[in-house]
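Shown below: input_4.txt, with compact mmCIF, C-alpha atoms and all ligand atoms.
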# COMPACT_ATOMS: atom_id res chain seq x y z
CA MET A 1 -196.73 -35.99 141.75
CA GLY A 2 -198.66 -34.53 144.65
CA ILE A 3 -202.36 -34.00 144.83
CA GLN A 4 -203.69 -32.99 141.44
CA ARG A 5 -205.53 -29.74 141.77
CA LYS A 6 -208.39 -29.29 139.41
CA THR A 7 -207.02 -26.46 137.36
CA SER A 8 -208.25 -25.04 134.14
CA THR A 9 -206.01 -23.68 131.45
CA ILE A 10 -207.07 -20.22 132.62
CA GLY A 11 -205.87 -21.04 136.14
CA LEU A 12 -202.58 -22.42 134.87
CA LEU A 13 -201.99 -19.28 132.84
CA LEU A 14 -202.85 -16.94 135.70
CA ASP A 15 -200.37 -18.85 137.89
CA GLN A 16 -197.64 -18.07 135.38
CA PHE A 17 -198.42 -14.36 135.56
CA LYS A 18 -198.57 -14.39 139.36
CA LYS A 19 -195.05 -15.78 139.58
CA SER A 20 -193.57 -12.54 138.30
CA ASN A 21 -194.87 -9.22 137.11
CA GLN A 22 -193.14 -9.54 133.78
CA ALA A 23 -194.81 -9.72 130.42
CA ILE A 24 -194.59 -13.24 129.03
CA ALA A 25 -194.44 -14.11 125.35
CA ALA A 26 -197.35 -16.20 124.09
CA VAL A 27 -194.90 -18.74 122.66
CA GLU A 28 -193.18 -18.98 126.05
CA LEU A 29 -196.52 -19.72 127.76
CA VAL A 30 -197.26 -22.41 125.20
CA ASP A 31 -193.86 -23.93 125.92
CA ARG A 32 -194.26 -23.80 129.72
CA LEU A 33 -197.64 -25.52 129.59
CA LYS A 34 -196.94 -27.95 126.77
CA GLU A 35 -197.03 -30.99 129.03
CA LYS A 36 -200.57 -30.19 130.09
CA VAL A 37 -202.29 -28.11 127.46
CA ASN A 38 -202.05 -27.95 123.70
CA LYS A 39 -201.11 -24.82 121.82
CA THR A 40 -204.56 -23.97 120.44
CA THR A 41 -206.08 -24.21 123.91
CA VAL A 42 -203.43 -21.88 125.33
CA TYR A 43 -204.04 -19.28 122.60
CA ARG A 44 -207.79 -19.53 123.06
CA ALA A 45 -207.49 -19.14 126.83
CA LEU A 46 -205.26 -16.08 126.37
CA GLU A 47 -207.88 -14.47 124.13
CA ARG A 48 -210.52 -15.25 126.75
CA LEU A 49 -208.41 -13.68 129.51
CA GLU A 50 -207.84 -10.61 127.39
CA ASP A 51 -211.56 -10.26 126.63
CA ASP A 52 -212.31 -10.51 130.33
CA GLY A 53 -209.86 -7.76 131.24
CA LEU A 54 -207.45 -10.00 133.13
CA VAL A 55 -204.47 -9.66 130.82
CA HIS A 56 -203.46 -7.34 128.00
CA SER A 57 -201.17 -7.95 125.08
CA PHE A 58 -198.64 -5.99 123.07
CA LEU A 59 -195.73 -6.59 120.75
CA ASP A 60 -192.14 -6.44 121.94
CA ARG A 61 -189.23 -5.12 119.89
CA ASP A 62 -188.91 -8.39 118.02
CA GLY A 63 -192.58 -8.30 117.10
CA ILE A 64 -193.35 -11.11 119.54
CA LYS A 65 -196.76 -10.97 121.18
CA ARG A 66 -196.50 -10.73 124.94
CA TYR A 67 -199.11 -10.84 127.66
CA ALA A 68 -199.08 -9.08 131.01
CA ILE A 69 -201.51 -9.15 133.89
CA CYS A 70 -203.98 -6.26 134.28
CA GLN A 71 -204.22 -4.42 137.54
CA ASP A 72 -207.70 -2.89 137.65
CA CYS A 73 -209.37 -3.85 134.42
CA ASN A 74 -212.66 -5.52 133.83
CA LYS A 75 -214.61 -6.71 130.83
CA ASP A 76 -215.98 -3.25 130.06
CA SER A 77 -213.06 -1.08 131.01
CA HIS A 78 -209.80 -2.33 129.63
CA VAL A 79 -207.95 0.76 128.51
CA HIS A 80 -204.26 1.13 129.17
CA ASP A 81 -202.11 4.18 128.85
CA HIS A 82 -198.96 2.80 130.45
CA PRO A 83 -195.87 2.14 128.38
CA HIS A 84 -193.96 -1.13 128.39
CA PHE A 85 -190.28 -1.48 129.01
CA GLN A 86 -187.86 -3.88 127.43
CA CYS A 87 -184.33 -4.27 128.72
CA THR A 88 -181.92 -4.41 125.80
CA ASN A 89 -179.45 -6.35 127.94
CA CYS A 90 -181.45 -9.18 129.57
CA GLY A 91 -184.57 -8.95 127.43
CA LYS A 92 -186.97 -8.61 130.36
CA VAL A 93 -190.25 -6.90 129.47
CA ASP A 94 -192.66 -5.42 131.96
CA CYS A 95 -195.40 -2.83 132.47
CA LEU A 96 -194.50 0.64 133.63
CA GLU A 97 -197.72 1.20 135.53
CA GLU A 98 -196.38 4.34 137.17
CA ALA A 99 -195.96 6.14 133.87
CA SER A 100 -198.60 7.08 131.40
CA VAL A 101 -198.59 7.99 127.78
CA ASN A 102 -200.56 10.99 126.62
CA ILE A 103 -203.21 9.77 124.27
CA PRO A 104 -203.97 12.59 121.83
CA LYS A 105 -207.56 13.59 121.19
CA ILE A 106 -208.20 13.50 117.48
CA SER A 107 -211.57 14.49 116.17
CA GLY A 108 -213.45 11.73 114.49
CA ARG A 109 -211.15 9.05 115.90
CA THR A 110 -211.81 6.89 118.92
CA ILE A 111 -208.60 5.59 120.43
CA HIS A 112 -208.78 2.31 122.32
CA LYS A 113 -205.19 1.53 123.03
CA THR A 114 -201.68 2.78 122.81
CA ASP A 115 -198.64 0.63 122.36
CA VAL A 116 -195.51 2.36 123.55
CA LEU A 117 -192.39 0.31 124.09
CA LEU A 118 -189.54 1.98 125.92
CA GLN A 119 -186.16 0.34 125.63
CA GLY A 120 -183.14 0.64 127.86
CA ILE A 121 -181.35 -0.97 130.77
CA CYS A 122 -183.32 -2.39 133.69
CA GLU A 123 -182.49 -1.98 137.39
CA THR A 124 -180.85 -5.42 137.57
CA CYS A 125 -178.59 -4.84 134.60
CA SER A 126 -177.56 -1.31 135.55
CA VAL A 127 -175.84 -2.40 138.78
ZN ZN A 201 -206.37 -4.36 130.96
ZN ZN A 202 -181.99 -6.19 132.22
ZN ZN A 203 -198.84 -3.51 130.48

In structure tokens, how does this file's structure come out?
Ligand SMILES: [Zn+2]
Ligand SMILES: [Zn+2]
Ligand SMILES: [Zn+2]
Amino acid sequence: MGIQRKTSTIGLLLDQFKKSNQAIAAVELVDRLKEKVNKTTVYRALERLEDDGLVHSFLDRDGIKRYAICQDCNKDSHVHDHPHFQCTNCGKVDCLEEASVNIPKISGRTIHKTDVLLQGICETCSV
């Protein structure tokens, strides 16, 4: 082992998201960090990150909760209108930041989030 950096669970989690721009399942994060952090701590840290506008969560097609990094969110403004994409071939899930979903205006209702999951074949699998 090299020099041990003083890293919090939050830091460890953010490192995972920085490695790729894919959405990572909560269970996968627990598994990746299991040598260092226990499950409850990972889940609590994920909730913290979501509250702070650093990550957002959604369910994939198997109903598994996934987390992805936020681009320009903060604690007070954490509204997303981008859909998510899941490749039906390799299973990769990511944010489609370039697209946006029309959130309907419905009187009497305040809409905080939309959860649209597009499914198809990703660029890697379509070659
Ligand atoms: Zn966000
Ligand atoms: Zn794919
Ligand atoms: Zn997203």

Which residues form the shell of 6 Å around ligand ZN 202 (chain A) when you count only C-alpha atoms and all ligand atoms, given as a PDB file with C-alpha atoms, in the frame of the given file?
ATOM      1  CA  CYS A  87    -184.330  -4.270 128.720  1.00  0.00           C
ATOM      2  CA  ASN A  89    -179.450  -6.350 127.940  1.00  0.00           C
ATOM      3  CA  CYS A  90    -181.450  -9.180 129.570  1.00  0.00           C
ATOM      4  CA  LYS A  92    -186.970  -8.610 130.360  1.00  0.00           C
ATOM      5  CA  ILE A 121    -181.350  -0.970 130.770  1.00  0.00           C
ATOM      6  CA  CYS A 122    -183.320  -2.390 133.690  1.00  0.00           C
ATOM      7  CA  THR A 124    -180.850  -5.420 137.570  1.00  0.00           C
ATOM      8  CA  CYS A 125    -178.590  -4.840 134.600  1.00  0.00           C
TER       9      CYS A 125
END

Q: Using only C-alpha atoms and all ligand atoms, determine which residues fall within 8 Å of ligand ZN 201 (chain A), then list them as number ranges by chain.
A: A: 50, 53-56, 69-74, 77-80

Q) Using only C-alpha atoms, which of A:Thr110, A:Cys95, A:Leu14, A:Thr9 sits nearest Thr40 in chain A? A) A:Thr9

List all protein, DNA and RNA residues that have at least one atom no more than 10 Å from any atom of ligand ZN 203 (chain A), counting only C-alpha atoms and all ligand atoms, and write them as a short mmCIF file (atom, residue, chain, number, x, y, z; two decimals) with C-alpha atoms, in the frame of the given file.
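Written file, selection_29.cif:
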data_model
loop_
_atom_site.label_atom_id
_atom_site.label_comp_id
_atom_site.auth_asym_id
_atom_site.auth_seq_id
_atom_site.Cartn_x
_atom_site.Cartn_y
_atom_site.Cartn_z
CA ASN A 21 -194.87 -9.22 137.11
CA GLN A 22 -193.14 -9.54 133.78
CA ALA A 23 -194.81 -9.72 130.42
CA VAL A 55 -204.47 -9.66 130.82
CA HIS A 56 -203.46 -7.34 128.00
CA SER A 57 -201.17 -7.95 125.08
CA PHE A 58 -198.64 -5.99 123.07
CA ARG A 66 -196.50 -10.73 124.94
CA TYR A 67 -199.11 -10.84 127.66
CA ALA A 68 -199.08 -9.08 131.01
CA ILE A 69 -201.51 -9.15 133.89
CA CYS A 70 -203.98 -6.26 134.28
CA GLN A 71 -204.22 -4.42 137.54
CA HIS A 80 -204.26 1.13 129.17
CA ASP A 81 -202.11 4.18 128.85
CA HIS A 82 -198.96 2.80 130.45
CA PRO A 83 -195.87 2.14 128.38
CA HIS A 84 -193.96 -1.13 128.39
CA PHE A 85 -190.28 -1.48 129.01
CA VAL A 93 -190.25 -6.90 129.47
CA ASP A 94 -192.66 -5.42 131.96
CA CYS A 95 -195.40 -2.83 132.47
CA LEU A 96 -194.50 0.64 133.63
CA GLU A 97 -197.72 1.20 135.53
CA ASP A 115 -198.64 0.63 122.36
CA VAL A 116 -195.51 2.36 123.55
CA LEU A 117 -192.39 0.31 124.09
#

Q. Just how far from CA of Ile64 in chain A is CA of Gly11 in chain A, in Å to one decimal?
A. 23.0 Å

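Going from CA of Ser8 in chain A to CA of Val42 in chain A covers 10.5 Å.
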
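For the pair CA of Ala25 in chain A and CA of Ile103 in chain A, the interatomic distance is 25.5 Å.
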
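The residue that comes closest to Val101 in chain A, out of A:Leu59, A:Leu118, A:Val37, A:Leu46 and on the basis of only C-alpha atoms, is A:Leu118.
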
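Nearest to Arg61 in chain A of all the residues A:Asp76, A:Thr88, A:Pro104, A:Lys19 is A:Thr88, counting all atoms listed in the file.
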